[in-house]
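> After the structure tokens below, expect a handful of questions from me.
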Amino acid sequence: MTRPTRALINWSHFRHNYQLAKSGVSGKAYAVIKANGYGHGLVNCARALSSADGFAVACVDEALALREAGIRRPLVVLQGAYDAHEWALAAEHKIQLVVHHRKQLQDRASATLSQPVGVWLKINSGMNRLGFRVSEADDILALIGADEQLELRYVISHFSSADEWQSPVLAAQLDTLYSRDWPVPLSISNSAGLLTEKRINNELVAEGLSRPGIMLYGSSPLNYKSAAELGLKAVMSLESQLISTHDVPAGETVGYGGDWTAERDTRVGVVAIGYGDGYPRHAPVGTPVLVDGVECPLIGRVSMDMITVDLTDHPHAQIGSPVELWGEHLSVDRIAELCGTISYELFCQLTPRVKRVARELPSDGATVLNP
């Protein structure tokens with residue numbers, strides 16, 4: 001018998017979420033598929049959205065992997081080039097680069113480019129992570145404009161608090177960006193930005209470019225609205241099966257350290273998944289697990305290859321019963337909150353031994369390269 005642990009991927013839901021991100025705005029939307037498509041598979045994410053306006057990744061290596069797989073849609077690298085060699089690779093493979101530091105322009109000066117490279121100027125509007133301050137913008141714009149091998153495409157920034165209801169930090173970042181006119185459209189809205197401020201949707205995205213990320217995978221980017229409330233559909237369902245059941249008398253413990261003690265005679269189920277698969281080791285007792293569609297609480301510590309659940313109130317469960325850890329019937333956001341983390345981490349930390357199984361094959365992604 002093959003180990004039953006797998007991540008079932010629903011690509012039609014992925015496409016639904018992308019169309020939801022695009023609805024109501026006239027601007028373009030680059031799907032963010034960095035970090036192996038948030039654990040869903042880099043190349044298959046691109047193939048599933050073969051008609052997307054473009055894709056955003058974190059590094060040149062990810063962009064090259066897409067090109068090598070035959071993906072011909074526009075690509076932008078959000079961290080830009082790390083050195084002169086990556087500038088040359090970007091030119092060769094028609095990859096756009098974010099410029100967020102003067103060192104990158106120095107590297108560009110020492111690189112030989114086979115053709116012009118599209119660049120996005122990163123502005124630090126208040127996140128204080130990457131980017132130039134608005135006061136530096138004219139100088140950097142002049143440097144880019146003086147280089148015939150660079151083509152400025154967008155001015156990009158990133159919101160730090162768009163997930164919060166009526167965030168004053170978001171308002172301050174918008175004021176910073178509006179403090180001057182820009183020579184090219186803006187790209188500022190992440191998933192949370194797309195779904196929150198009307199000011200963003202009407203004034204910025206309509207003329208610029210949005211970058212939906214976590215919402216594409218069916219997780220809510222907002223801390224006050226669920227994915228279901230937003231109309232998002234879960235793309236990944238993490239599944240396994242019961243591989244054992246047994247009875248534990250009241251007063252006995254279960255698992256490493258004996259942290260959990262049975263307060264009643266308890267029927268215990270063992271599920272073939274653990275932190276070796278990427279299930280969070282710090283998931284607390286009581287975390288819901290769906291067994292045959294019935295919620296059963298996690299008991300004891302998460303082990304490397306197994307977890308244990310309380311089946312006492314689900315007497316019909318048996319070896320082979322299907323288990324969902326998160327997905328279409330159990331929100332990943334609910335699990336993440338209980339574990340003190342976010343859905344991004346849960347998706348990204350799934351290990352390679354968890355097979356990604358598609359409900360249907362994505363398209364071949366063989367689309368025409370646009371500038």
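Every chain in the structure tokens takes a letter, A first, then B, and so on in the order presented; its residues are numbered from 1, and the ligands are numbered from 1 following the presented order.
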Got a sec to tell me which of segment 233-285 of chain A DSSP assigns to strand (DSSP E or B), as a PyMOL selection string?
chain A and resi 236-248+253-254+260-261+266-271
> Excluding Thr245 of chain A and any residue of its chain fewer than 5 positions from it, enumerate the residues within 9 Å of it, using only C-alpha atoms, and give them as a ChimeraX atom specification.
/A:267-270,311,317-319
> Hey, can you spit out that residue selection with C-alpha atoms as a PDB file, in the first residue's frame?

ATOM      1  CA  ARG A 267     -10.454   5.496  21.369  1.00  0.00           C
ATOM      2  CA  VAL A 268      -7.277   6.769  19.681  1.00  0.00           C
ATOM      3  CA  GLY A 269      -6.671   7.029  15.968  1.00  0.00           C
ATOM      4  CA  VAL A 270      -3.249   7.298  14.376  1.00  0.00           C
ATOM      5  CA  LEU A 311     -12.030   9.064  17.961  1.00  0.00           C
ATOM      6  CA  ALA A 317     -13.959   5.621  12.090  1.00  0.00           C
ATOM      7  CA  GLN A 318     -11.670   2.740  11.141  1.00  0.00           C
ATOM      8  CA  ILE A 319      -8.319   1.995   9.543  1.00  0.00           C
TER       9      ILE A 319
END
> Do a neighbour search on Tyr279 of chain A at 10 Å with only C-alpha atoms, toss out local chain neighbours closer than 2 positions, and write the hits as a PDB file with all heavy atoms, in the first residue's frame.

ATOM      1  N   LEU A 238      -4.833  18.984   2.184  1.00  0.00           N
ATOM      2  CA  LEU A 238      -3.830  18.071   2.729  1.00  0.00           C
ATOM      3  C   LEU A 238      -4.549  16.875   3.334  1.00  0.00           C
ATOM      4  O   LEU A 238      -5.356  17.029   4.256  1.00  0.00           O
ATOM      5  CB  LEU A 238      -2.989  18.790   3.785  1.00  0.00           C
ATOM      6  CG  LEU A 238      -1.873  17.972   4.427  1.00  0.00           C
ATOM      7  CD1 LEU A 238      -0.854  17.507   3.389  1.00  0.00           C
ATOM      8  CD2 LEU A 238      -1.192  18.771   5.531  1.00  0.00           C
ATOM      9  N   ILE A 273       0.734  11.202   9.160  1.00  0.00           N
ATOM     10  CA  ILE A 273       1.291  12.512   8.820  1.00  0.00           C
ATOM     11  C   ILE A 273       1.970  13.064  10.062  1.00  0.00           C
ATOM     12  O   ILE A 273       1.564  12.758  11.197  1.00  0.00           O
ATOM     13  CB  ILE A 273       0.206  13.491   8.314  1.00  0.00           C
ATOM     14  CG1 ILE A 273       0.852  14.689   7.611  1.00  0.00           C
ATOM     15  CG2 ILE A 273      -0.701  13.946   9.456  1.00  0.00           C
ATOM     16  CD1 ILE A 273      -0.124  15.536   6.816  1.00  0.00           C
ATOM     17  N   GLY A 274       3.018  13.857   9.861  1.00  0.00           N
ATOM     18  CA  GLY A 274       3.723  14.450  10.993  1.00  0.00           C
ATOM     19  C   GLY A 274       4.566  15.615  10.546  1.00  0.00           C
ATOM     20  O   GLY A 274       4.458  16.080   9.402  1.00  0.00           O
ATOM     21  N   TYR A 275       5.434  16.081  11.445  1.00  0.00           N
ATOM     22  CA  TYR A 275       6.241  17.243  11.066  1.00  0.00           C
ATOM     23  C   TYR A 275       7.264  16.914   9.993  1.00  0.00           C
ATOM     24  O   TYR A 275       7.770  17.801   9.311  1.00  0.00           O
ATOM     25  CB  TYR A 275       6.883  17.895  12.289  1.00  0.00           C
ATOM     26  CG  TYR A 275       7.880  17.058  13.059  1.00  0.00           C
ATOM     27  CD1 TYR A 275       9.185  16.872  12.614  1.00  0.00           C
ATOM     28  CD2 TYR A 275       7.524  16.484  14.272  1.00  0.00           C
ATOM     29  CE1 TYR A 275      10.104  16.121  13.336  1.00  0.00           C
ATOM     30  CE2 TYR A 275       8.431  15.737  15.008  1.00  0.00           C
ATOM     31  CZ  TYR A 275       9.717  15.558  14.539  1.00  0.00           C
ATOM     32  OH  TYR A 275      10.622  14.812  15.266  1.00  0.00           O
ATOM     33  N   GLY A 276       7.545  15.631   9.773  1.00  0.00           N
ATOM     34  CA  GLY A 276       8.397  15.239   8.652  1.00  0.00           C
ATOM     35  C   GLY A 276       7.740  15.477   7.305  1.00  0.00           C
ATOM     36  O   GLY A 276       8.401  15.513   6.270  1.00  0.00           O
ATOM     37  N   ASP A 277       6.424  15.659   7.329  1.00  0.00           N
ATOM     38  CA  ASP A 277       5.678  15.999   6.121  1.00  0.00           C
ATOM     39  C   ASP A 277       5.407  17.496   6.024  1.00  0.00           C
ATOM     40  O   ASP A 277       4.935  17.975   4.994  1.00  0.00           O
ATOM     41  CB  ASP A 277       4.333  15.265   6.113  1.00  0.00           C
ATOM     42  CG  ASP A 277       4.503  13.767   6.201  1.00  0.00           C
ATOM     43  OD1 ASP A 277       4.937  13.165   5.195  1.00  0.00           O
ATOM     44  OD2 ASP A 277       4.230  13.190   7.273  1.00  0.00           O
ATOM     45  N   ARG A 281       4.589  20.980  13.996  1.00  0.00           N
ATOM     46  CA  ARG A 281       4.886  20.256  15.234  1.00  0.00           C
ATOM     47  C   ARG A 281       4.248  20.926  16.444  1.00  0.00           C
ATOM     48  O   ARG A 281       3.923  20.276  17.431  1.00  0.00           O
ATOM     49  CB  ARG A 281       6.407  20.173  15.428  1.00  0.00           C
ATOM     50  CG  ARG A 281       6.812  19.367  16.653  1.00  0.00           C
ATOM     51  CD  ARG A 281       8.319  19.275  16.795  1.00  0.00           C
ATOM     52  NE  ARG A 281       8.696  18.477  17.964  1.00  0.00           N
ATOM     53  CZ  ARG A 281       8.812  18.964  19.190  1.00  0.00           C
ATOM     54  NH1 ARG A 281       8.583  20.263  19.409  1.00  0.00           N
ATOM     55  NH2 ARG A 281       9.153  18.188  20.202  1.00  0.00           N
ATOM     56  N   HIS A 282       4.076  22.244  16.365  1.00  0.00           N
ATOM     57  CA  HIS A 282       3.529  22.989  17.502  1.00  0.00           C
ATOM     58  C   HIS A 282       2.005  23.075  17.476  1.00  0.00           C
ATOM     59  O   HIS A 282       1.418  23.853  18.240  1.00  0.00           O
ATOM     60  CB  HIS A 282       4.129  24.389  17.543  1.00  0.00           C
ATOM     61  CG  HIS A 282       4.025  25.141  16.245  1.00  0.00           C
ATOM     62  ND1 HIS A 282       4.827  24.861  15.165  1.00  0.00           N
ATOM     63  CD2 HIS A 282       3.199  26.137  15.850  1.00  0.00           C
ATOM     64  CE1 HIS A 282       4.500  25.669  14.164  1.00  0.00           C
ATOM     65  NE2 HIS A 282       3.515  26.449  14.552  1.00  0.00           N
ATOM     66  N   ALA A 283       1.338  22.287  16.629  1.00  0.00           N
ATOM     67  CA  ALA A 283      -0.128  22.260  16.651  1.00  0.00           C
ATOM     68  C   ALA A 283      -0.598  21.835  18.038  1.00  0.00           C
ATOM     69  O   ALA A 283      -0.173  20.801  18.561  1.00  0.00           O
ATOM     70  CB  ALA A 283      -0.651  21.300  15.595  1.00  0.00           C
ATOM     71  N   VAL A 302       2.664  16.154  18.173  1.00  0.00           N
ATOM     72  CA  VAL A 302       2.871  15.780  16.768  1.00  0.00           C
ATOM     73  C   VAL A 302       4.227  15.103  16.652  1.00  0.00           C
ATOM     74  O   VAL A 302       5.246  15.644  17.100  1.00  0.00           O
ATOM     75  CB  VAL A 302       2.804  17.017  15.859  1.00  0.00           C
ATOM     76  CG1 VAL A 302       3.173  16.654  14.422  1.00  0.00           C
ATOM     77  CG2 VAL A 302       1.410  17.653  15.919  1.00  0.00           C
ATOM     78  N   SER A 303       4.272  13.919  16.069  1.00  0.00           N
ATOM     79  CA  SER A 303       5.522  13.192  15.855  1.00  0.00           C
ATOM     80  C   SER A 303       6.029  13.450  14.437  1.00  0.00           C
ATOM     81  O   SER A 303       5.377  14.111  13.634  1.00  0.00           O
ATOM     82  CB  SER A 303       5.300  11.694  16.062  1.00  0.00           C
ATOM     83  OG  SER A 303       4.782  11.425  17.350  1.00  0.00           O
ATOM     84  N   MET A 304       7.174  12.892  14.110  1.00  0.00           N
ATOM     85  CA  MET A 304       7.751  13.112  12.787  1.00  0.00           C
ATOM     86  C   MET A 304       6.861  12.547  11.681  1.00  0.00           C
ATOM     87  O   MET A 304       6.692  13.180  10.627  1.00  0.00           O
ATOM     88  CB  MET A 304       9.137  12.482  12.696  1.00  0.00           C
ATOM     89  CG  MET A 304       9.810  12.703  11.342  1.00  0.00           C
ATOM     90  SD  MET A 304      11.475  11.999  11.253  1.00  0.00           S
ATOM     91  CE  MET A 304      12.377  13.105  12.335  1.00  0.00           C
ATOM     92  N   ASP A 305       6.282  11.378  11.910  1.00  0.00           N
ATOM     93  CA  ASP A 305       5.537  10.696  10.852  1.00  0.00           C
ATOM     94  C   ASP A 305       4.071  10.443  11.184  1.00  0.00           C
ATOM     95  O   ASP A 305       3.333   9.926  10.338  1.00  0.00           O
ATOM     96  CB  ASP A 305       6.188   9.339  10.552  1.00  0.00           C
ATOM     97  CG  ASP A 305       7.677   9.461  10.343  1.00  0.00           C
ATOM     98  OD1 ASP A 305       8.080  10.257   9.485  1.00  0.00           O
ATOM     99  OD2 ASP A 305       8.432   8.778  11.057  1.00  0.00           O
ATOM    100  N   MET A 306       3.630  10.792  12.393  1.00  0.00           N
ATOM    101  CA  MET A 306       2.280  10.453  12.828  1.00  0.00           C
ATOM    102  C   MET A 306       1.715  11.517  13.752  1.00  0.00           C
ATOM    103  O   MET A 306       2.457  12.227  14.436  1.00  0.00           O
ATOM    104  CB  MET A 306       2.281   9.105  13.571  1.00  0.00           C
ATOM    105  CG  MET A 306       2.575   7.896  12.712  1.00  0.00           C
ATOM    106  SD  MET A 306       2.805   6.394  13.723  1.00  0.00           S
ATOM    107  CE  MET A 306       4.496   6.648  14.322  1.00  0.00           C
ATOM    108  N   ILE A 307       0.383  11.601  13.756  1.00  0.00           N
ATOM    109  CA  ILE A 307      -0.335  12.327  14.800  1.00  0.00           C
ATOM    110  C   ILE A 307      -1.405  11.398  15.359  1.00  0.00           C
ATOM    111  O   ILE A 307      -1.765  10.395  14.729  1.00  0.00           O
ATOM    112  CB  ILE A 307      -0.989  13.621  14.275  1.00  0.00           C
ATOM    113  CG1 ILE A 307      -2.024  13.317  13.189  1.00  0.00           C
ATOM    114  CG2 ILE A 307       0.048  14.611  13.785  1.00  0.00           C
ATOM    115  CD1 ILE A 307      -2.856  14.526  12.774  1.00  0.00           C
ATOM    116  N   LEU A 325      -6.458  17.382   6.795  1.00  0.00           N
ATOM    117  CA  LEU A 325      -5.781  18.214   7.780  1.00  0.00           C
ATOM    118  C   LEU A 325      -6.083  19.687   7.571  1.00  0.00           C
ATOM    119  O   LEU A 325      -6.132  20.463   8.525  1.00  0.00           O
ATOM    120  CB  LEU A 325      -4.265  17.978   7.719  1.00  0.00           C
ATOM    121  CG  LEU A 325      -3.721  16.631   8.210  1.00  0.00           C
ATOM    122  CD1 LEU A 325      -4.273  16.281   9.585  1.00  0.00           C
ATOM    123  CD2 LEU A 325      -3.989  15.493   7.231  1.00  0.00           C
ATOM    124  N   LEU A 346       2.313  27.290   6.513  1.00  0.00           N
ATOM    125  CA  LEU A 346       1.819  25.915   6.423  1.00  0.00           C
ATOM    126  C   LEU A 346       1.966  25.375   5.006  1.00  0.00           C
ATOM    127  O   LEU A 346       2.395  24.236   4.804  1.00  0.00           O
ATOM    128  CB  LEU A 346       0.361  25.842   6.867  1.00  0.00           C
ATOM    129  CG  LEU A 346       0.074  26.199   8.329  1.00  0.00           C
ATOM    130  CD1 LEU A 346      -1.397  25.940   8.647  1.00  0.00           C
ATOM    131  CD2 LEU A 346       0.963  25.419   9.285  1.00  0.00           C
ATOM    132  N   PHE A 347       1.603  26.185   4.018  1.00  0.00           N
ATOM    133  CA  PHE A 347       1.754  25.750   2.622  1.00  0.00           C
ATOM    134  C   PHE A 347       3.224  25.512   2.275  1.00  0.00           C
ATOM    135  O   PHE A 347       3.580  24.488   1.688  1.00  0.00           O
ATOM    136  CB  PHE A 347       1.195  26.806   1.681  1.00  0.00           C
ATOM    137  CG  PHE A 347      -0.301  26.942   1.680  1.00  0.00           C
ATOM    138  CD1 PHE A 347      -0.893  28.176   1.456  1.00  0.00           C
ATOM    139  CD2 PHE A 347      -1.128  25.850   1.883  1.00  0.00           C
ATOM    140  CE1 PHE A 347      -2.274  28.319   1.437  1.00  0.00           C
ATOM    141  CE2 PHE A 347      -2.516  25.968   1.871  1.00  0.00           C
ATOM    142  CZ  PHE A 347      -3.086  27.218   1.646  1.00  0.00           C
ATOM    143  N   GLN A 349       5.904  24.973   4.070  1.00  0.00           N
ATOM    144  CA  GLN A 349       6.748  24.032   4.796  1.00  0.00           C
ATOM    145  C   GLN A 349       6.421  22.567   4.486  1.00  0.00           C
ATOM    146  O   GLN A 349       7.078  21.670   5.022  1.00  0.00           O
ATOM    147  CB  GLN A 349       6.655  24.281   6.291  1.00  0.00           C
ATOM    148  CG  GLN A 349       5.347  23.879   6.941  1.00  0.00           C
ATOM    149  CD  GLN A 349       5.292  24.261   8.412  1.00  0.00           C
ATOM    150  OE1 GLN A 349       6.131  25.012   8.905  1.00  0.00           O
ATOM    151  NE2 GLN A 349       4.316  23.748   9.132  1.00  0.00           N
ATOM    152  N   LEU A 350       5.434  22.310   3.617  1.00  0.00           N
ATOM    153  CA  LEU A 350       5.191  20.920   3.228  1.00  0.00           C
ATOM    154  C   LEU A 350       6.434  20.353   2.560  1.00  0.00           C
ATOM    155  O   LEU A 350       7.015  20.979   1.678  1.00  0.00           O
ATOM    156  CB  LEU A 350       3.999  20.818   2.283  1.00  0.00           C
ATOM    157  CG  LEU A 350       2.607  20.981   2.878  1.00  0.00           C
ATOM    158  CD1 LEU A 350       1.560  20.699   1.812  1.00  0.00           C
ATOM    159  CD2 LEU A 350       2.393  20.062   4.077  1.00  0.00           C
ATOM    160  N   THR A 351       6.832  19.176   2.952  1.00  0.00           N
ATOM    161  CA  THR A 351       8.082  18.599   2.465  1.00  0.00           C
ATOM    162  C   THR A 351       7.862  17.823   1.165  1.00  0.00           C
ATOM    163  O   THR A 351       6.736  17.485   0.805  1.00  0.00           O
ATOM    164  CB  THR A 351       8.682  17.662   3.534  1.00  0.00           C
ATOM    165  OG1 THR A 351       7.784  16.563   3.743  1.00  0.00           O
ATOM    166  CG2 THR A 351       8.905  18.401   4.849  1.00  0.00           C
TER     167      THR A 351
END
> Could you pull the residues within 9 Å of segment 12-29 of chain A, counting only C-alpha atoms, minus those fewer than 2 positions along the same chain, as a PyMOL selection string?
chain A and resi 9-10+31+45+48-49+52-55+191+194-195+201-202+204-212+215-218+231-235+359-360+362
> Could those selected residues go to a file with C-alpha atoms, as a PDB file, in the first residue's frame?

ATOM      1  CA  ILE A   9      -4.476  20.394  -5.790  1.00  0.00           C
ATOM      2  CA  ASN A  10      -7.612  21.815  -7.375  1.00  0.00           C
ATOM      3  CA  ALA A  31       0.190  36.078 -10.117  1.00  0.00           C
ATOM      4  CA  CYS A  45       0.951  27.092 -10.998  1.00  0.00           C
ATOM      5  CA  ALA A  48      -2.662  26.440 -14.572  1.00  0.00           C
ATOM      6  CA  LEU A  49      -2.755  30.201 -15.254  1.00  0.00           C
ATOM      7  CA  ALA A  52      -2.345  35.249 -16.762  1.00  0.00           C
ATOM      8  CA  ASP A  53      -1.008  38.741 -17.401  1.00  0.00           C
ATOM      9  CA  GLY A  54       2.296  37.623 -15.933  1.00  0.00           C
ATOM     10  CA  PHE A  55       4.005  36.051 -12.938  1.00  0.00           C
ATOM     11  CA  SER A 191      -3.851  40.343  -2.071  1.00  0.00           C
ATOM     12  CA  LEU A 194      -6.866  44.253  -3.697  1.00  0.00           C
ATOM     13  CA  LEU A 195      -9.578  43.359  -1.213  1.00  0.00           C
ATOM     14  CA  ASN A 201      -9.050  49.668  -6.409  1.00  0.00           C
ATOM     15  CA  ASN A 202     -10.440  52.782  -8.030  1.00  0.00           C
ATOM     16  CA  LEU A 204      -4.359  52.736  -8.436  1.00  0.00           C
ATOM     17  CA  VAL A 205      -5.045  49.227  -9.640  1.00  0.00           C
ATOM     18  CA  ALA A 206      -7.282  50.447 -12.451  1.00  0.00           C
ATOM     19  CA  GLU A 207      -4.278  52.138 -14.010  1.00  0.00           C
ATOM     20  CA  GLY A 208      -1.472  49.984 -12.716  1.00  0.00           C
ATOM     21  CA  LEU A 209      -0.661  46.387 -11.911  1.00  0.00           C
ATOM     22  CA  SER A 210      -1.664  44.273  -8.897  1.00  0.00           C
ATOM     23  CA  ARG A 211       0.215  41.321  -7.471  1.00  0.00           C
ATOM     24  CA  PRO A 212      -2.194  38.811  -5.907  1.00  0.00           C
ATOM     25  CA  MET A 215      -5.562  34.806  -2.159  1.00  0.00           C
ATOM     26  CA  LEU A 216      -4.789  32.738  -5.266  1.00  0.00           C
ATOM     27  CA  TYR A 217      -4.310  29.707  -3.035  1.00  0.00           C
ATOM     28  CA  GLY A 218      -7.659  30.151  -1.293  1.00  0.00           C
ATOM     29  CA  GLY A 231     -15.487  34.078  -2.245  1.00  0.00           C
ATOM     30  CA  LEU A 232     -12.125  32.317  -2.305  1.00  0.00           C
ATOM     31  CA  LYS A 233     -11.832  28.568  -2.855  1.00  0.00           C
ATOM     32  CA  ALA A 234      -9.236  26.299  -1.263  1.00  0.00           C
ATOM     33  CA  VAL A 235      -6.694  25.033  -3.781  1.00  0.00           C
ATOM     34  CA  ARG A 359      -7.577  16.940  -9.587  1.00  0.00           C
ATOM     35  CA  GLU A 360      -7.042  17.838 -13.245  1.00  0.00           C
ATOM     36  CA  PRO A 362      -2.989  22.257 -15.685  1.00  0.00           C
TER      37      PRO A 362
END
> Can you tell me which residues surround Ala35 of chain A at a distance of at most 8 Å, considering only C-alpha atoms, apart from same-chain residues fewer than 2 positions away, and format the answer as a PyMOL selection string?
chain A and resi 33+37-39+42+57-58+348
> When distances are computed from only C-alpha atoms, which of A:Ile71, A:Leu121, A:Leu150, A:Leu89 shows the smallest separation from Glu136 of chain A?
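Of A:Ile71, A:Leu121, A:Leu150, A:Leu89, the one nearest Glu136 of chain A, counting only C-alpha atoms, is A:Leu121.
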> Looking at A:Ile95, A:Ser50, A:Ser114, A:Ala250, which one is nearest to Ala65 of chain A, with distances taken over only C-alpha atoms?
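Of A:Ile95, A:Ser50, A:Ser114, A:Ala250, the one nearest Ala65 of chain A, counting only C-alpha atoms, is A:Ile95.
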> With distances taken over only C-alpha atoms, which residue among A:Leu177, A:Val32, A:Val271, A:Val43 lies nearest Asn190 of chain A?
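Closest candidate: A:Val32.
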> Record the distance separating atom CA of Val76 of chain A and atom CA of Gly126 of chain A, expressed in Å with one decimal.
22.0 Å
> Please measure the separation of atom CA of Ala90 of chain A and atom CA of Asn44 of chain A, giving the value in Å to one decimal.
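About the pair atom CA of Ala90 of chain A and atom CA of Asn44 of chain A: they are 21.8 Å apart.
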> Measuring between only C-alpha atoms, which one of A:Pro249, A:Gly293, A:Pro322, A:Gly327 shows the shortest distance to Ala262 of chain A?
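For Ala262 of chain A, the nearest of the candidates is A:Pro249.
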> So which residues of segment 201-264 of chain A fall under alpha helix (DSSP H) by DSSP, listed as number ranges by chain?
A: 227-230
